[in-house]
$ cat my_file13.pdb   # PDB, C-alpha atoms
MODEL        1
ATOM      1  CA  MET A 141      11.286 -42.221 -11.923
ATOM      2  CA  THR A 142      13.831 -43.976 -14.112
ATOM      3  CA  HIS A 143      15.617 -42.357 -17.011
ATOM      4  CA  PRO A 144      13.398 -41.858 -20.029
ATOM      5  CA  THR A 145      14.029 -44.115 -22.975
ATOM      6  CA  HIS A 146      13.224 -43.319 -26.561
ATOM      7  CA  THR A 147      12.976 -45.405 -29.646
ATOM      8  CA  THR A 148      12.495 -43.416 -32.767
ATOM      9  CA  GLU A 149      11.397 -44.803 -36.090
ATOM     10  CA  LEU A 150      10.545 -42.720 -39.120
ATOM     11  CA  GLY A 151       7.107 -41.210 -38.630
ATOM     12  CA  GLU A 152       6.613 -42.690 -35.214
ATOM     13  CA  LEU A 153       7.688 -42.075 -31.677
ATOM     14  CA  THR A 154       7.915 -44.217 -28.553
ATOM     15  CA  VAL A 155       8.522 -42.741 -25.098
ATOM     16  CA  THR A 156       8.819 -45.007 -22.041
ATOM     17  CA  ARG A 157       8.843 -43.954 -18.368
ATOM     18  CA  VAL A 158       8.579 -45.726 -15.040
ATOM     19  CA  PHE A 159       6.701 -43.876 -12.293
ATOM     20  CA  ASP A 160       6.847 -44.478  -8.543
ATOM     21  CA  ALA A 161       3.057 -44.547  -8.320
ATOM     22  CA  PRO A 162       0.420 -47.288  -8.505
ATOM     23  CA  ARG A 163      -1.091 -48.042 -11.897
ATOM     24  CA  GLU A 164      -4.660 -46.919 -11.037
ATOM     25  CA  MET A 165      -3.301 -43.554  -9.942
ATOM     26  CA  VAL A 166      -1.245 -43.006 -13.117
ATOM     27  CA  PHE A 167      -4.054 -44.161 -15.397
ATOM     28  CA  GLY A 168      -6.611 -42.065 -13.482
ATOM     29  CA  ALA A 169      -4.505 -38.901 -13.889
ATOM     30  CA  MET A 170      -4.662 -39.227 -17.682
ATOM     31  CA  LEU A 171      -8.468 -39.117 -17.807
ATOM     32  CA  ASP A 172      -9.182 -36.563 -15.057
ATOM     33  CA  PRO A 173      -9.487 -32.933 -16.338
ATOM     34  CA  GLU A 174      -8.507 -31.462 -12.961
ATOM     35  CA  GLN A 175      -5.313 -33.547 -12.862
ATOM     36  CA  LEU A 176      -4.540 -32.894 -16.521
ATOM     37  CA  THR A 177      -4.196 -29.170 -15.721
ATOM     38  CA  HIS A 178      -1.195 -30.092 -13.520
ATOM     39  CA  PHE A 179       0.886 -31.838 -16.169
ATOM     40  CA  TRP A 180      -0.483 -31.680 -19.734
ATOM     41  CA  GLY A 181       1.576 -28.520 -20.415
ATOM     42  CA  PRO A 182       3.961 -28.677 -22.178
ATOM     43  CA  ILE A 183       6.469 -26.576 -20.178
ATOM     44  CA  GLY A 184       5.961 -22.898 -20.964
ATOM     45  CA  SER A 185       2.231 -23.366 -21.350
ATOM     46  CA  SER A 186      -0.768 -24.380 -19.299
ATOM     47  CA  THR A 187      -3.923 -26.365 -20.005
ATOM     48  CA  PRO A 188      -6.858 -24.622 -18.280
ATOM     49  CA  ILE A 189      -9.704 -26.840 -17.115
ATOM     50  CA  GLU A 190     -12.341 -24.869 -19.075
ATOM     51  CA  GLY A 191     -10.641 -25.980 -22.286
ATOM     52  CA  ILE A 192     -10.631 -29.697 -21.432
ATOM     53  CA  VAL A 193     -13.205 -32.232 -22.638
ATOM     54  CA  ILE A 194     -12.708 -35.896 -21.714
ATOM     55  CA  GLU A 195     -15.314 -38.450 -22.741
ATOM     56  CA  PRO A 196     -13.430 -41.656 -21.885
ATOM     57  CA  TRP A 197     -15.125 -44.161 -24.190
ATOM     58  CA  PRO A 198     -14.569 -45.234 -27.820
ATOM     59  CA  GLY A 199     -15.778 -42.393 -30.053
ATOM     60  CA  GLY A 200     -15.753 -39.942 -27.130
ATOM     61  CA  ARG A 201     -14.071 -36.536 -27.450
ATOM     62  CA  PHE A 202     -10.670 -35.715 -26.008
ATOM     63  CA  GLU A 203      -9.967 -31.996 -26.298
ATOM     64  CA  THR A 204      -7.440 -29.716 -24.666
ATOM     65  CA  THR A 205      -6.365 -26.099 -25.159
ATOM     66  CA  MET A 206      -2.685 -25.532 -24.499
ATOM     67  CA  VAL A 207      -2.145 -21.858 -23.697
ATOM     68  CA  PRO A 208       1.356 -20.306 -23.831
ATOM     69  CA  ASP A 209       2.211 -18.682 -20.456
ATOM     70  CA  GLY A 210       1.021 -15.063 -20.352
ATOM     71  CA  SER A 211      -1.444 -15.481 -23.224
ATOM     72  CA  PRO A 212      -5.257 -15.502 -23.082
ATOM     73  CA  ILE A 213      -7.022 -18.842 -23.614
ATOM     74  CA  GLU A 214      -8.149 -17.683 -27.081
ATOM     75  CA  ALA A 215      -4.503 -17.716 -28.144
ATOM     76  CA  GLY A 216      -4.126 -21.363 -27.123
ATOM     77  CA  PHE A 217      -3.450 -24.354 -29.308
ATOM     78  CA  VAL A 218      -6.562 -26.526 -29.493
ATOM     79  CA  MET A 219      -6.083 -30.273 -29.726
ATOM     80  CA  LYS A 220      -9.134 -32.178 -30.884
ATOM     81  CA  ALA A 221      -8.876 -35.939 -30.627
ATOM     82  CA  VAL A 222     -11.270 -38.873 -30.431
ATOM     83  CA  PHE A 223     -10.823 -41.877 -28.152
ATOM     84  CA  VAL A 224     -10.472 -45.152 -30.012
ATOM     85  CA  GLU A 225      -9.951 -47.391 -27.005
ATOM     86  CA  VAL A 226     -10.153 -46.888 -23.246
ATOM     87  CA  VAL A 227      -9.417 -50.011 -21.181
ATOM     88  CA  ALA A 228      -8.967 -49.147 -17.485
ATOM     89  CA  PRO A 229      -6.332 -49.269 -16.109
ATOM     90  CA  GLU A 230      -4.256 -50.621 -18.991
ATOM     91  CA  HIS A 231      -4.627 -48.847 -22.260
ATOM     92  CA  ILE A 232      -5.748 -45.561 -23.865
ATOM     93  CA  VAL A 233      -5.734 -44.895 -27.619
ATOM     94  CA  PHE A 234      -6.800 -41.634 -29.220
ATOM     95  CA  LYS A 235      -6.520 -40.293 -32.749
ATOM     96  CA  GLN A 236      -6.311 -36.850 -34.317
ATOM     97  CA  ASP A 237      -6.981 -35.774 -37.879
ATOM     98  CA  LEU A 238      -3.995 -33.707 -38.953
ATOM     99  CA  PRO A 239      -3.069 -32.270 -42.342
ATOM    100  CA  THR A 240      -0.331 -34.930 -42.412
ATOM    101  CA  GLY A 241      -2.921 -37.665 -42.028
ATOM    102  CA  GLU A 242      -4.295 -39.389 -38.993
ATOM    103  CA  MET A 243      -2.085 -39.382 -35.922
ATOM    104  CA  THR A 244      -2.674 -42.133 -33.386
ATOM    105  CA  THR A 245      -1.410 -41.931 -29.804
ATOM    106  CA  ALA A 246      -1.510 -45.077 -27.679
ATOM    107  CA  SER A 247      -0.512 -45.236 -24.027
ATOM    108  CA  THR A 248      -0.021 -48.489 -22.155
ATOM    109  CA  TYR A 249       0.176 -48.809 -18.359
ATOM    110  CA  THR A 250       1.951 -51.807 -16.840
ATOM    111  CA  ASP A 251       1.906 -52.638 -13.127
ATOM    112  CA  LEU A 252       5.524 -53.380 -12.137
ATOM    113  CA  GLY A 253       4.623 -54.219  -8.530
ATOM    114  CA  ALA A 254       5.795 -52.366  -5.403
ATOM    115  CA  GLY A 255       3.715 -49.344  -6.419
ATOM    116  CA  ARG A 256       5.577 -48.748  -9.672
ATOM    117  CA  THR A 257       4.071 -48.320 -13.132
ATOM    118  CA  ARG A 258       5.589 -48.347 -16.588
ATOM    119  CA  VAL A 259       4.006 -46.042 -19.162
ATOM    120  CA  VAL A 260       4.713 -46.448 -22.872
ATOM    121  CA  ILE A 261       3.530 -43.715 -25.227
ATOM    122  CA  HIS A 262       3.507 -44.745 -28.866
ATOM    123  CA  GLN A 263       2.628 -42.159 -31.470
ATOM    124  CA  THR A 264       2.349 -42.627 -35.211
ATOM    125  CA  ASN A 265       1.440 -40.114 -37.882
ATOM    126  CA  LEU A 266       1.445 -42.568 -40.697
ATOM    127  CA  PRO A 267      -1.362 -42.315 -43.217
ATOM    128  CA  PRO A 268      -3.420 -45.551 -43.352
ATOM    129  CA  GLU A 269      -1.836 -46.749 -46.612
ATOM    130  CA  PHE A 270       1.511 -47.023 -44.818
ATOM    131  CA  THR A 271       0.295 -49.076 -41.900
ATOM    132  CA  THR A 272       0.219 -52.418 -43.759
ATOM    133  CA  ASP A 273       2.781 -55.005 -42.620
ATOM    134  CA  GLU A 274       4.724 -54.585 -45.829
ATOM    135  CA  ALA A 275       4.932 -50.816 -45.492
ATOM    136  CA  GLN A 276       5.741 -51.109 -41.786
ATOM    137  CA  ALA A 277       8.727 -53.289 -42.621
ATOM    138  CA  GLY A 278       9.968 -50.411 -44.748
ATOM    139  CA  PHE A 279       9.773 -48.022 -41.811
ATOM    140  CA  ASN A 280      12.192 -50.109 -39.796
ATOM    141  CA  SER A 281      15.056 -47.879 -40.713
ATOM    142  CA  SER A 282      15.769 -45.901 -37.571
ATOM    143  CA  LEU A 283      16.278 -42.194 -37.151
ATOM    144  CA  ASP A 284      19.925 -42.973 -36.401
ATOM    145  CA  ARG A 285      20.273 -43.951 -39.998
ATOM    146  CA  LEU A 286      18.497 -40.804 -41.094
ATOM    147  CA  GLU A 287      20.867 -38.771 -38.957
ATOM    148  CA  SER A 288      23.873 -40.515 -40.458
ATOM    149  CA  TYR A 289      22.641 -39.447 -43.914
ATOM    150  CA  LEU A 290      22.535 -35.890 -42.631
ATOM    151  CA  ALA A 291      25.926 -36.151 -40.961
ATOM    152  CA  THR A 292      27.458 -37.440 -44.185
ATOM    153  CA  ARG A 293      25.762 -34.715 -46.148
ATOM    154  CA  THR A 294      26.847 -31.821 -43.932
ATOM    155  CA  ARG A 295      30.397 -33.083 -43.483
TER
ATOM    156  CA  MET B 288       7.715 -27.215 -46.207
ATOM    157  CA  ASP B 289       4.015 -28.056 -46.119
ATOM    158  CA  ASP B 290       2.446 -31.137 -44.577
ATOM    159  CA  THR B 291       1.844 -32.849 -47.903
ATOM    160  CA  LEU B 292       5.575 -32.793 -48.521
ATOM    161  CA  LEU B 293       6.231 -34.169 -45.019
ATOM    162  CA  ASN B 294       3.858 -36.990 -45.851
ATOM    163  CA  SER B 295       5.610 -37.747 -49.122
ATOM    164  CA  THR B 296       8.957 -37.683 -47.273
ATOM    165  CA  PHE B 297       7.816 -40.460 -44.925
ATOM    166  CA  ALA B 298       6.357 -42.346 -47.900
ATOM    167  CA  ALA B 299       9.558 -42.002 -49.924
ATOM    168  CA  LEU B 300      11.643 -43.265 -47.003
ATOM    169  CA  ALA B 301       9.400 -46.287 -46.487
ATOM    170  CA  ASP B 302      11.078 -48.215 -49.305
ATOM    171  CA  PRO B 303      14.442 -49.978 -48.769
ATOM    172  CA  THR B 304      15.607 -49.435 -52.373
ATOM    173  CA  ARG B 305      14.928 -45.715 -52.123
ATOM    174  CA  ARG B 306      16.745 -45.524 -48.781
ATOM    175  CA  ALA B 307      19.731 -47.284 -50.350
ATOM    176  CA  MET B 308      19.644 -44.787 -53.242
ATOM    177  CA  LEU B 309      19.670 -41.908 -50.741
ATOM    178  CA  ALA B 310      22.549 -43.519 -48.861
ATOM    179  CA  ARG B 311      24.466 -43.702 -52.161
ATOM    180  CA  LEU B 312      23.710 -40.045 -52.928
ATOM    181  CA  ALA B 313      24.884 -39.061 -49.442
ATOM    182  CA  GLN B 314      28.348 -40.133 -50.655
ATOM    183  CA  GLY B 315      28.114 -37.736 -53.608
ATOM    184  CA  ASP B 316      26.172 -36.918 -56.776
ATOM    185  CA  ALA B 317      25.485 -39.755 -59.212
ATOM    186  CA  THR B 318      23.957 -40.393 -62.619
ATOM    187  CA  VAL B 319      20.912 -42.634 -62.973
ATOM    188  CA  SER B 320      23.009 -45.544 -64.269
ATOM    189  CA  GLU B 321      25.483 -45.144 -61.409
ATOM    190  CA  LEU B 322      22.542 -45.204 -59.002
ATOM    191  CA  ALA B 323      21.142 -48.322 -60.657
ATOM    192  CA  ALA B 324      24.446 -50.238 -60.669
ATOM    193  CA  PRO B 325      24.228 -51.898 -57.200
ATOM    194  CA  PHE B 326      20.630 -53.074 -57.760
ATOM    195  CA  ASP B 327      19.365 -56.085 -59.636
ATOM    196  CA  ILE B 328      16.421 -54.133 -61.072
ATOM    197  CA  THR B 329      15.720 -52.396 -64.378
ATOM    198  CA  LEU B 330      16.731 -48.835 -65.135
ATOM    199  CA  GLN B 331      13.019 -48.166 -65.558
ATOM    200  CA  ALA B 332      12.320 -49.287 -61.972
ATOM    201  CA  ILE B 333      15.139 -47.055 -60.729
ATOM    202  CA  SER B 334      13.636 -44.116 -62.641
ATOM    203  CA  LYS B 335      10.299 -44.719 -60.919
ATOM    204  CA  HIS B 336      11.950 -44.695 -57.486
ATOM    205  CA  LEU B 337      13.817 -41.559 -58.504
ATOM    206  CA  LYS B 338      10.550 -39.803 -59.399
ATOM    207  CA  VAL B 339       9.145 -40.609 -55.935
ATOM    208  CA  LEU B 340      12.304 -39.169 -54.345
ATOM    209  CA  GLU B 341      12.116 -36.074 -56.559
ATOM    210  CA  ARG B 342       8.452 -35.478 -55.691
ATOM    211  CA  ALA B 343       9.371 -35.699 -51.999
ATOM    212  CA  GLY B 344      12.057 -33.075 -52.610
ATOM    213  CA  LEU B 345      14.779 -35.488 -51.475
ATOM    214  CA  VAL B 346      16.548 -35.617 -54.836
ATOM    215  CA  VAL B 347      17.283 -32.758 -57.182
ATOM    216  CA  ARG B 348      18.277 -33.442 -60.821
ATOM    217  CA  GLY B 349      21.051 -31.384 -62.380
ATOM    218  CA  LYS B 350      20.439 -29.147 -65.376
ATOM    219  CA  ASP B 351      23.142 -30.844 -67.480
ATOM    220  CA  ALA B 352      21.005 -32.160 -70.370
ATOM    221  CA  GLN B 353      23.037 -35.268 -71.081
ATOM    222  CA  TRP B 354      23.876 -36.589 -67.597
ATOM    223  CA  ARG B 355      21.379 -34.870 -65.308
ATOM    224  CA  PRO B 356      23.245 -35.972 -62.184
ATOM    225  CA  CYS B 357      21.161 -36.656 -59.057
ATOM    226  CA  ARG B 358      21.879 -34.778 -55.855
ATOM    227  CA  LEU B 359      20.561 -35.407 -52.347
ATOM    228  CA  ASP B 360      18.603 -32.549 -50.735
ATOM    229  CA  SER B 361      18.504 -33.209 -47.002
ATOM    230  CA  THR B 362      15.976 -30.451 -46.137
ATOM    231  CA  PRO B 363      12.930 -32.786 -46.068
ATOM    232  CA  LEU B 364      14.890 -35.223 -43.870
ATOM    233  CA  GLU B 365      15.580 -32.416 -41.412
ATOM    234  CA  THR B 366      11.887 -31.499 -41.341
ATOM    235  CA  ALA B 367      10.897 -35.116 -40.756
ATOM    236  CA  ALA B 368      13.427 -35.349 -37.917
ATOM    237  CA  ALA B 369      12.143 -32.036 -36.476
ATOM    238  CA  TRP B 370       8.567 -33.356 -36.353
ATOM    239  CA  ILE B 371       9.728 -36.317 -34.295
ATOM    240  CA  ASP B 372      11.878 -34.116 -32.022
ATOM    241  CA  THR B 373       9.023 -31.678 -31.325
ATOM    242  CA  ASN B 374       6.649 -34.451 -30.328
ATOM    243  CA  ARG B 375       9.311 -36.121 -28.198
ATOM    244  CA  LYS B 376       9.941 -32.840 -26.364
ATOM    245  CA  ILE B 377       6.212 -32.371 -25.669
ATOM    246  CA  TRP B 378       5.878 -35.883 -24.206
ATOM    247  CA  ASP B 379       9.101 -35.531 -22.197
ATOM    248  CA  ASP B 380       7.807 -32.298 -20.625
ATOM    249  CA  ARG B 381       4.409 -33.824 -20.023
ATOM    250  CA  LEU B 382       5.725 -36.959 -18.327
ATOM    251  CA  ASP B 383       8.192 -34.915 -16.208
ATOM    252  CA  GLN B 384       5.268 -32.862 -14.959
ATOM    253  CA  LEU B 385       3.108 -35.954 -14.482
ATOM    254  CA  ASP B 386       5.852 -37.443 -12.297
ATOM    255  CA  ARG B 387       5.904 -34.336 -10.075
ATOM    256  CA  HIS B 388       2.104 -34.316  -9.944
ATOM    257  CA  LEU B 389       1.935 -37.986  -8.891
ATOM    258  CA  GLN B 390       4.522 -37.433  -6.158
ATOM    259  CA  GLN B 391       2.517 -34.515  -4.761
ATOM    260  CA  LEU B 392      -0.694 -36.514  -4.991
ATOM    261  CA  GLN B 393       0.846 -39.409  -3.058
ATOM    262  CA  ALA B 394       2.309 -37.068  -0.454
ATOM    263  CA  THR B 395      -1.118 -35.463   0.067
ATOM    264  CA  ARG B 396      -2.828 -38.847   0.348
ATOM    265  CA  SER B 397      -0.372 -40.270   2.885
ATOM    266  CA  GLN B 398      -0.671 -37.014   4.868
ATOM    267  CA  SER B 399      -4.483 -37.291   5.030
ATOM    268  CA  ARG B 400      -4.168 -40.951   6.006
ATOM    269  CA  GLY B 401      -1.807 -39.854   8.787
ATOM    270  CA  THR B 402      -4.351 -37.297  10.041
ATOM    271  CA  ARG B 403      -7.144 -39.873  10.141
ATOM    272  CA  SER B 404      -5.224 -42.521  12.078
TER
ENDMDL
END
$ encode --input "my_file13.pdb" --output "structure tokens"
Amino acid sequence: MTHPTHTTELGELTVTRVFDAPREMVFGAMLDPEQLTHFWGPIGSSTPIEGIVIEPWPGGRFETTMVPDGSPIEAGFVMKAVFVEVVAPEHIVFKQDLPTGEMTTASTYTDLGAGRTRVVIHQTNLPPEFTTDEAQAGFNSSLDRLESYLATRTR
Amino acid sequence: MDDTLLNSTFAALADPTRRAMLARLAQGDATVSELAAPFDITLQAISKHLKVLERAGLVVRGKDAQWRPCRLDSTPLETAAAWIDTNRKIWDDRLDQLDRHLQQLQATRSQSRGTRS
């Protein structure tokens, strides 16, 4: 696996990784409840199979319950999402209704040859009115710039 | 800070004029006319932008009746940055674990292939 790369824009997140595994295998892991229990985590929590629902088609449910280690499943954090797009073995998009608006998570799987696969996770929590081209142009200020505001402020 | 405020933070930051105003305020407090000076837009337009920034909690107006200087409040920026950091951490963990899982899966498969041949 290569070093992770991040690009951070305001209100969105991109995470890129390259895996030493064939594309079908990586893509398949994302939609298989049994395999999800091995990695969905995050660290310090587990995702028991009885809390997982995967209906891999547009409009299908995608639900997980992330349970902090040592806690009962009832204490877990339930994620309820709906698949928008499932194109094997290339692309998965799901969305969640959050109090901050609709969050969309897209993952793209690229075959790099020699049994390697690049995965790009792109997550946005922008409400629909900010997803026009014009508004998007406004979001092009990077988090670096945001952090430099903060640095200046706390100096 | 509640989620509505987080939303208005992202909305407030989506405009280049408002970001430039925040960058100016990061250098120190300013009056409305000082804020307006670098821009080729009316004082009225600046006031509108200022209201958006105030609603998002990014700008606080002073109590001084005559000047009411504007001050940057970076708390909403920190919350916006924290949202991004939390989600990044979750995906980093998840992809680390996926990498380990895929390695184990491949090891198991090549082992079973070895047994068959």
$ resolve_selection --input "my_file13.pdb" --expression "the PyMOL selection byres ((chain B and resi 376-380) around 8)" --output "ChimeraX atom specification"
/A:144,155,181-183 /B:372-375,381-384
$ atom_distance --input "my_file13.pdb" --atom1 "atom CA of Leu385 of chain B" --atom2 "atom CA of Ser399 of chain B"
21.0 Å
$ interface_residues --input "my_file13.pdb" --of "chain B" --to "chain A" --cutoff "7 Å" --atoms "only C-alpha atoms" --output "PyMOL selection string"
chain B and resi 290-291+294+297+301-303+310+313+361+371+377+380-381+384-386+388-389
$ residues_near_point --input "my_file13.pdb" --point "(-13.9, -31.0, -35.1)" --cutoff "10 Å" --atoms "all atoms listed in the file" --output "PyMOL selection string"
chain A and resi 201+203+219-222+236-237
$ residues_around --input "my_file13.pdb" --residues "Val218 of chain A" --least-positions-apart "3" --cutoff "10 Å" --atoms "only C-alpha atoms" --output "list in words"
Thr187, Gly191, Ile192, Glu203, Thr204, Thr205, Met206, Val207, Ile213, Glu214, Ala215 and Ala221 of chain A
$ atom_distance --input "my_file13.pdb" --atom1 "atom CA of Gly344 of chain B" --atom2 "atom CA of Thr362 of chain B"
8.0 Å
$ atom_distance --input "my_file13.pdb" --atom1 "atom CA of Thr250 of chain A" --atom2 "atom CA of Ala228 of chain A"
11.3 Å
$ resolve_selection --input "my_file13.pdb" --expression "the PyMOL selection byres ((chain B and resi 333) around 12)" --output "list of chain:residue names"
B:Thr304, B:Arg305, B:Ala307, B:Met308, B:Thr318, B:Val319, B:Ser320, B:Glu321, B:Leu322, B:Ala323, B:Ala324, B:Pro325, B:Phe326, B:Asp327, B:Ile328, B:Thr329, B:Leu330, B:Gln331, B:Ala332, B:Ser334, B:Lys335, B:His336, B:Leu337, B:Lys338, B:Val339, B:Leu340
$ decode --input "my_file13.pdb" --residues "segment 227-255 of chain A" --atoms "N, CA and C atoms" --output "compact mmCIF listing (two decimals), in the first residue's frame"
# COMPACT_ATOMS: atom_id res chain seq x y z
N VAL A 227 -21.80 0.51 -9.63
CA VAL A 227 -21.34 0.04 -10.94
C VAL A 227 -20.12 -0.84 -10.72
N ALA A 228 -20.34 -2.18 -10.71
CA ALA A 228 -19.24 -3.11 -10.46
C ALA A 228 -18.30 -3.15 -11.67
N PRO A 229 -16.99 -3.19 -11.45
CA PRO A 229 -16.27 -3.05 -10.17
C PRO A 229 -15.65 -1.67 -10.04
N GLU A 230 -16.37 -0.64 -10.50
CA GLU A 230 -15.74 0.68 -10.67
C GLU A 230 -16.13 1.75 -9.66
N HIS A 231 -17.39 1.73 -9.23
CA HIS A 231 -17.91 2.94 -8.63
C HIS A 231 -19.03 2.61 -7.65
N ILE A 232 -18.99 3.22 -6.46
CA ILE A 232 -20.10 3.10 -5.50
C ILE A 232 -20.39 4.50 -4.96
N VAL A 233 -21.65 4.91 -4.99
CA VAL A 233 -22.04 6.19 -4.39
C VAL A 233 -23.18 5.93 -3.42
N PHE A 234 -23.04 6.43 -2.19
CA PHE A 234 -24.17 6.37 -1.27
C PHE A 234 -24.36 7.72 -0.60
N LYS A 235 -25.59 7.97 -0.14
CA LYS A 235 -25.86 9.25 0.52
C LYS A 235 -26.55 9.04 1.85
N GLN A 236 -26.33 9.99 2.75
CA GLN A 236 -26.91 9.96 4.09
C GLN A 236 -27.59 11.29 4.36
N ASP A 237 -28.75 11.24 4.98
CA ASP A 237 -29.39 12.48 5.43
C ASP A 237 -28.88 12.82 6.81
N LEU A 238 -28.16 13.92 6.92
CA LEU A 238 -27.63 14.35 8.21
C LEU A 238 -28.24 15.69 8.56
N PRO A 239 -28.17 16.06 9.85
CA PRO A 239 -28.70 17.38 10.22
C PRO A 239 -28.00 18.51 9.45
N THR A 240 -26.77 18.26 9.01
CA THR A 240 -26.03 19.28 8.26
C THR A 240 -26.40 19.27 6.78
N GLY A 241 -27.36 18.44 6.41
CA GLY A 241 -27.71 18.34 4.99
C GLY A 241 -27.37 16.95 4.50
N GLU A 242 -27.40 16.78 3.21
CA GLU A 242 -27.16 15.46 2.65
C GLU A 242 -25.66 15.25 2.46
N MET A 243 -25.15 14.14 2.99
CA MET A 243 -23.74 13.84 2.77
C MET A 243 -23.63 12.73 1.73
N THR A 244 -22.82 12.96 0.72
CA THR A 244 -22.63 11.98 -0.34
C THR A 244 -21.22 11.42 -0.24
N THR A 245 -21.10 10.08 -0.32
CA THR A 245 -19.80 9.44 -0.30
C THR A 245 -19.66 8.62 -1.59
N ALA A 246 -18.65 8.96 -2.38
CA ALA A 246 -18.41 8.24 -3.63
C ALA A 246 -17.08 7.52 -3.52
N SER A 247 -17.02 6.27 -3.95
CA SER A 247 -15.73 5.59 -4.02
C SER A 247 -15.51 5.08 -5.43
N THR A 248 -14.30 5.28 -5.92
CA THR A 248 -13.95 4.91 -7.29
C THR A 248 -12.78 3.94 -7.25
N TYR A 249 -12.86 2.87 -8.03
CA TYR A 249 -11.86 1.80 -8.02
C TYR A 249 -11.22 1.73 -9.39
N THR A 250 -9.89 1.96 -9.45
CA THR A 250 -9.19 1.96 -10.72
C THR A 250 -8.16 0.83 -10.75
N ASP A 251 -8.24 0.01 -11.81
CA ASP A 251 -7.28 -1.08 -11.99
C ASP A 251 -5.94 -0.51 -12.47
N LEU A 252 -4.89 -0.65 -11.67
CA LEU A 252 -3.59 -0.10 -12.04
C LEU A 252 -2.70 -1.15 -12.71
N GLY A 253 -3.25 -2.35 -12.92
CA GLY A 253 -2.46 -3.43 -13.49
C GLY A 253 -1.60 -4.08 -12.44
N ALA A 254 -1.03 -5.24 -12.74
CA ALA A 254 -0.15 -5.98 -11.82
C ALA A 254 -0.80 -6.21 -10.46
N GLY A 255 -2.13 -6.40 -10.47
CA GLY A 255 -2.84 -6.71 -9.23
C GLY A 255 -2.94 -5.56 -8.24
